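What follows is one structure encoded as structure tokens, with my remarks underneath.
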Amino acid sequence: MTLFFLYIDPGTGSMLFSILIGAAATLFFLGKAALLKLKVFFSGKKDGGAQLDSSYKPYVIYNEGNQYWNTFKPVCDSFEERKIPLTYYTSSKTDPVFEQNYEFVKAEFIGEGNAAFAKLNMLSAGFVLMTTPGLQVYQLKRSKRVKHYSHVVHMPNDATTYRLFGLDFFDSVLLTGDHQKADLRFLENQRGIPQKDLVTVGCPYLDVYKENIASIPAEENHPFTVLVSPSWGEVGILKKYGEKLLDPLSKTGWRIIVRPHPQSKKSEADMLDRLTARYKDNPNIVWDYERQNIFSLKKADIMISDFSGIIFDYTFLCDKPVMYVKADMDLRPYDAYDLGDKELWQYAVLKKFGTELKEEQFQNIKEVIQSMSDSKELEAARHAAKAEAWMHEGEAGKRIADYMIETVAKQNENTNTEEKSA
């Protein structure tokens, strides 16, 4: 008898396993949804409202990863203070929510990827809040039994720097500042889609960072520190320039903190391995892969970046000078591409409060930085940008909770009116 053996490489095996798990989860939740519809049918009730079934939850947050916890924490705290039940679904087993000892915020791990989307796609809720874009575009679909989907913007720069159609199918978008409204309205008109509620609530994660960074003690014997914090991709300064920038910086005698973008560890591991090996014996180069950026921000006397959103974290929280290397970001995959020739807010304002660093200045970078003057004009431009992009400072959690509660209250009023008129 001849035996045949088939070999599946570990990568393919892992992918097949993920597909099977996702399919099983989808079938499970589809089965639950079908059973629910049968119960509603045989009970003689009309399938007209999300509150007909026992799985209905008035307020739901979905967190796709630990990096967004600081966006949701102020909202959770506000619900907890009001003693209002809130359902918190997460795709991270190590989500900090599990350490909070909340009484009214009920947290549940619902799996990752397809497993999480399968549950969310069958959800019954009044209001669902998330940072995840692409609703109704990719795997994450609108559930027919959810009345309101809301996206909370987790960056104070342009709200059009999501992938194409990232915000189109939400019922509302919660903004950090009024400056984000005009471009979203432009895209709605251009694409012929219904207008969303655009509500300026502030920036919850910056509210958290402000408190946390204030609690970090100042360094004793503080060395002059340059923070290199790029975006990722071909035009990110670490990928594009690498040694050309880090070599002269490493020779300054200053402390140089390099904080790669989190996506670089996934998409540019070879580049990071090369640079890490190159400077492993250089005591001036420090690599920062901490989940929170506030420790490096606190230490830095100046930042060098490109188009990364961390520029605004540093500027708004630390009020210190920024140098940027101009990068021609390819906007074609993003909503911003459909704005035409209009300059993004983040580029226009960076020219006002930042100082451009050109490649030909790299070799003399110590002299360039030493000769920089943090003028009153730059300081005023930083303050103006902060006032525009981080509105309602310290109030974001309360304002988001207010909007969620008011929205569900209106839903209930409309339901009661419909029932009385029926």
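Labels for the structure tokens follow display order: chains A, B, ..., residues from 1 in each chain, ligands from 1.
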
Where does region 269-379 of chain A meet region 201-212 of chain A within 9 Å, residue by residue, with the nearest atom pair and distance in Å to one decimal for each, counting only C-alpha atoms, listed by chain and rising number, as CSV?
```
residue,atom,partner,partner_atom,distance
A:Gln292,CA,A:Tyr209,CA,8.9
A:Ile294,CA,A:Tyr209,CA,6.9
A:Asp313,CA,A:Leu206,CA,7.3
A:Phe316,CA,A:Leu206,CA,8.6
A:Leu317,CA,A:Lys210,CA,6.4
```

Could the residues in this selection be saved with N, CA, C and O atoms as a compact mmCIF listing (two decimals), in the first residue's frame?
```txt
# COMPACT_ATOMS: atom_id res chain seq x y z
N GLN A 292 2.94 53.51 25.25
CA GLN A 292 2.63 54.93 25.39
C GLN A 292 3.85 55.77 25.02
O GLN A 292 4.98 55.45 25.40
N ILE A 294 4.31 58.94 25.95
CA ILE A 294 4.47 60.11 26.82
C ILE A 294 5.82 60.16 27.52
O ILE A 294 6.30 61.25 27.85
N ASP A 313 0.78 65.46 19.22
CA ASP A 313 0.86 65.07 20.63
C ASP A 313 1.96 65.87 21.33
O ASP A 313 1.75 66.43 22.42
N PHE A 316 1.17 69.82 21.41
CA PHE A 316 0.08 70.23 22.30
C PHE A 316 0.37 69.91 23.76
O PHE A 316 -0.07 70.63 24.66
N LEU A 317 1.09 68.82 24.02
CA LEU A 317 1.35 68.42 25.40
C LEU A 317 2.60 69.06 25.99
O LEU A 317 2.65 69.34 27.18
```

Shell around Asp183 (chain A) at 10 Å using only C-alpha atoms, local window under 5 positions removed, as a ChimeraX atom specification: /A:158-160,188-189,335-336,338-339,342,344-345

Grab the residues selected above and save them as a PDB file, in the first residue's frame with N, CA and C atoms.
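What landed in out_6.pdb:
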```
ATOM      1  N   ASP A 158      -6.099  65.923  10.445  1.00  0.00           N
ATOM      2  CA  ASP A 158      -7.204  65.825   9.496  1.00  0.00           C
ATOM      3  C   ASP A 158      -7.989  64.528   9.633  1.00  0.00           C
ATOM      4  N   ALA A 159      -9.322  64.638   9.595  1.00  0.00           N
ATOM      5  CA  ALA A 159     -10.186  63.456   9.673  1.00  0.00           C
ATOM      6  C   ALA A 159     -10.364  62.784   8.326  1.00  0.00           C
ATOM      7  N   THR A 160      -9.662  63.274   7.306  1.00  0.00           N
ATOM      8  CA  THR A 160      -9.747  62.676   5.966  1.00  0.00           C
ATOM      9  C   THR A 160      -8.518  61.830   5.642  1.00  0.00           C
ATOM     10  N   GLU A 188     -19.090  64.353   1.744  1.00  0.00           N
ATOM     11  CA  GLU A 188     -20.489  63.918   1.729  1.00  0.00           C
ATOM     12  C   GLU A 188     -21.214  64.467   0.499  1.00  0.00           C
ATOM     13  N   ASN A 189     -21.008  65.731   0.213  1.00  0.00           N
ATOM     14  CA  ASN A 189     -21.652  66.353  -0.940  1.00  0.00           C
ATOM     15  C   ASN A 189     -21.116  65.778  -2.246  1.00  0.00           C
ATOM     16  N   ASP A 335      -9.075  59.198   1.949  1.00  0.00           N
ATOM     17  CA  ASP A 335     -10.169  60.117   1.651  1.00  0.00           C
ATOM     18  C   ASP A 335      -9.656  61.478   1.209  1.00  0.00           C
ATOM     19  N   ALA A 336      -8.539  61.897   1.744  1.00  0.00           N
ATOM     20  CA  ALA A 336      -7.999  63.220   1.431  1.00  0.00           C
ATOM     21  C   ALA A 336      -7.721  63.394  -0.057  1.00  0.00           C
ATOM     22  N   ASP A 338      -9.617  62.778  -2.464  1.00  0.00           N
ATOM     23  CA  ASP A 338     -10.815  63.301  -3.125  1.00  0.00           C
ATOM     24  C   ASP A 338     -11.071  64.766  -2.812  1.00  0.00           C
ATOM     25  N   LEU A 339     -10.207  65.382  -2.027  1.00  0.00           N
ATOM     26  CA  LEU A 339     -10.332  66.821  -1.765  1.00  0.00           C
ATOM     27  C   LEU A 339      -9.716  67.653  -2.878  1.00  0.00           C
ATOM     28  N   LYS A 342      -6.748  70.910  -2.585  1.00  0.00           N
ATOM     29  CA  LYS A 342      -6.772  71.594  -1.297  1.00  0.00           C
ATOM     30  C   LYS A 342      -5.681  71.061  -0.370  1.00  0.00           C
ATOM     31  N   LEU A 344      -4.021  69.949   3.027  1.00  0.00           N
ATOM     32  CA  LEU A 344      -4.522  69.458   4.300  1.00  0.00           C
ATOM     33  C   LEU A 344      -4.184  70.430   5.423  1.00  0.00           C
ATOM     34  N   TRP A 345      -5.084  70.501   6.390  1.00  0.00           N
ATOM     35  CA  TRP A 345      -4.879  71.377   7.551  1.00  0.00           C
ATOM     36  C   TRP A 345      -3.558  71.067   8.237  1.00  0.00           C
TER      37      TRP A 345
END
```

Write out as number ranges by chain each polymer residue whose atoms come within 9 Å of region 320-333 of chain A, counting only C-alpha atoms; drop sequence neighbours fewer than 3 positions from it. A: 161-164, 234-237, 300-307, 311, 314-317, 336-338, 350, 353-359, 369, 372-374, 378-379, 382

Which residues of region 316-421 of chain A have any atom within 12 Å of an atom in region 253-256 of chain A when counting only C-alpha atoms, and what is the closest pair of atoms for each, with the distance in Å to one decimal? Order the rows by chain and rising number and write it as a Markdown table.
```
| residue | atom | partner | partner_atom | distance |
| --- | --- | --- | --- | --- |
| A:Ile365 | CA | A:Trp254 | CA | 11.6 |
| A:Lys366 | CA | A:Trp254 | CA | 9.2 |
| A:Ile369 | CA | A:Trp254 | CA | 11.4 |
| A:Gln370 | CA | A:Trp254 | CA | 11.6 |
```

Keeping only N, CA and C atoms, take the residues you just selected and write them out as a PDB file, in the first residue's frame.
```pdb
ATOM      1  N   ILE A 365      23.835  68.697  11.410  1.00  0.00           N
ATOM      2  CA  ILE A 365      22.585  68.762  12.157  1.00  0.00           C
ATOM      3  C   ILE A 365      22.762  69.325  13.568  1.00  0.00           C
ATOM      4  N   LYS A 366      23.933  69.117  14.170  1.00  0.00           N
ATOM      5  CA  LYS A 366      24.145  69.672  15.511  1.00  0.00           C
ATOM      6  C   LYS A 366      24.118  71.194  15.466  1.00  0.00           C
ATOM      7  N   ILE A 369      20.495  72.490  14.775  1.00  0.00           N
ATOM      8  CA  ILE A 369      19.618  72.473  15.943  1.00  0.00           C
ATOM      9  C   ILE A 369      20.035  73.544  16.950  1.00  0.00           C
ATOM     10  N   GLN A 370      21.342  73.710  17.141  1.00  0.00           N
ATOM     11  CA  GLN A 370      21.825  74.711  18.094  1.00  0.00           C
ATOM     12  C   GLN A 370      21.472  76.129  17.659  1.00  0.00           C
TER      13      GLN A 370
END
```

For the structure I just gave you, how does DSSP split region 88-214 of chain A - specifically, which residues are strand (DSSP E or B)? Reply as a list in words.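 Residues of region 88-214 of chain A classed as strand (DSSP E or B): Tyr88, Tyr89, Thr90, Val105, Lys106, Ala107, Glu108, Phe109, Ala125, Gly126, Phe127, Val128, Leu129, Met130, Val146, Tyr149, Ser150, His151, Val152, Arg163, Ser172, Val173, Leu174, Leu175, Asp197, Leu198, Val199 and Thr200 of chain A.
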
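Distance check against Ala125 (chain A) using only C-alpha atoms: of A:Tyr68, A:Tyr89, A:Phe109, A:Tyr56, the minimum falls on A:Tyr56.
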
Which is closest to Tyr347 (chain A) among A:Arg399, A:Phe312, A:Lys57, A:Val368, if we use only C-alpha atoms?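 Using only C-alpha atoms, the shortest distance to Tyr347 (chain A) belongs to A:Phe312.
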
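When only C-alpha atoms are used to measure the gap to Tyr334 (chain A), the shortest distance among A:Phe165, A:Phe362, A:Phe295, A:Trp232 belongs to A:Phe165.
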
Just give me the gap between CA of Gly113 (chain A) and CA of Gln100 (chain A) in Å, one decimal is fine.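 Separation of CA of Gly113 (chain A) and CA of Gln100 (chain A): 24.7 Å.
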
Sel. of helix (DSSP H, G or I) residues, region 210-420 of chain A, as a PyMOL selection string: chain A and resi 210-214+237-240+243-250+264-267+269-278+294-299+310-318+335-339+345-353+359-370+376-389+396-420

Closest of A:Arg142, A:Asp178, A:Val60, A:Asn70 to Glu108 (chain A) - atom-to-atom distances counting only C-alpha atoms: A:Val60

Closest to Ile257 (chain A) among A:Pro133, A:Pro58, A:Gly111, A:Pro283, using only C-alpha atoms?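 Among the listed residues, A:Pro283 lies closest to Ile257 (chain A).
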
Determine the nearest neighbour of Ser150 (chain A) from the options A:Lys106, A:Arg185, A:His261, A:Lys196, counting only C-alpha atoms. A:Lys196

Show me a table, sorted first by chain and then by increasing residue number, of the residues of region 129-221 of chain A having an atom at most 12 Å from region 403-421 of chain A, each with its shortest atom pair and the distance in Å to one decimal, counting only C-alpha atoms and written as JSON lines.
```
{"residue": "A:Leu129", "atom": "CA", "partner": "A:Met404", "partner_atom": "CA", "distance": 8.5}
{"residue": "A:Val146", "atom": "CA", "partner": "A:Val408", "partner_atom": "CA", "distance": 11.1}
{"residue": "A:Lys147", "atom": "CA", "partner": "A:Gln411", "partner_atom": "CA", "distance": 8.0}
{"residue": "A:His148", "atom": "CA", "partner": "A:Thr407", "partner_atom": "CA", "distance": 8.3}
{"residue": "A:Tyr149", "atom": "CA", "partner": "A:Met404", "partner_atom": "CA", "distance": 10.2}
{"residue": "A:Ser150", "atom": "CA", "partner": "A:Met404", "partner_atom": "CA", "distance": 9.0}
{"residue": "A:His151", "atom": "CA", "partner": "A:Met404", "partner_atom": "CA", "distance": 11.6}
{"residue": "A:Val152", "atom": "CA", "partner": "A:Met404", "partner_atom": "CA", "distance": 11.6}
{"residue": "A:Asp171", "atom": "CA", "partner": "A:Thr407", "partner_atom": "CA", "distance": 10.9}
{"residue": "A:Ser172", "atom": "CA", "partner": "A:Tyr403", "partner_atom": "CA", "distance": 10.2}
{"residue": "A:Val173", "atom": "CA", "partner": "A:Tyr403", "partner_atom": "CA", "distance": 11.1}
{"residue": "A:Leu174", "atom": "CA", "partner": "A:Tyr403", "partner_atom": "CA", "distance": 9.4}
{"residue": "A:Asp197", "atom": "CA", "partner": "A:Tyr403", "partner_atom": "CA", "distance": 10.6}
{"residue": "A:Leu198", "atom": "CA", "partner": "A:Tyr403", "partner_atom": "CA", "distance": 11.2}
{"residue": "A:Val199", "atom": "CA", "partner": "A:Tyr403", "partner_atom": "CA", "distance": 8.6}
{"residue": "A:Thr200", "atom": "CA", "partner": "A:Tyr403", "partner_atom": "CA", "distance": 10.4}
{"residue": "A:Val201", "atom": "CA", "partner": "A:Tyr403", "partner_atom": "CA", "distance": 9.0}
```

Would you work out the distance separating CA of Ala401 (chain A) from CA of Lys93 (chain A), expressed in Å to one decimal? 24.6 Å
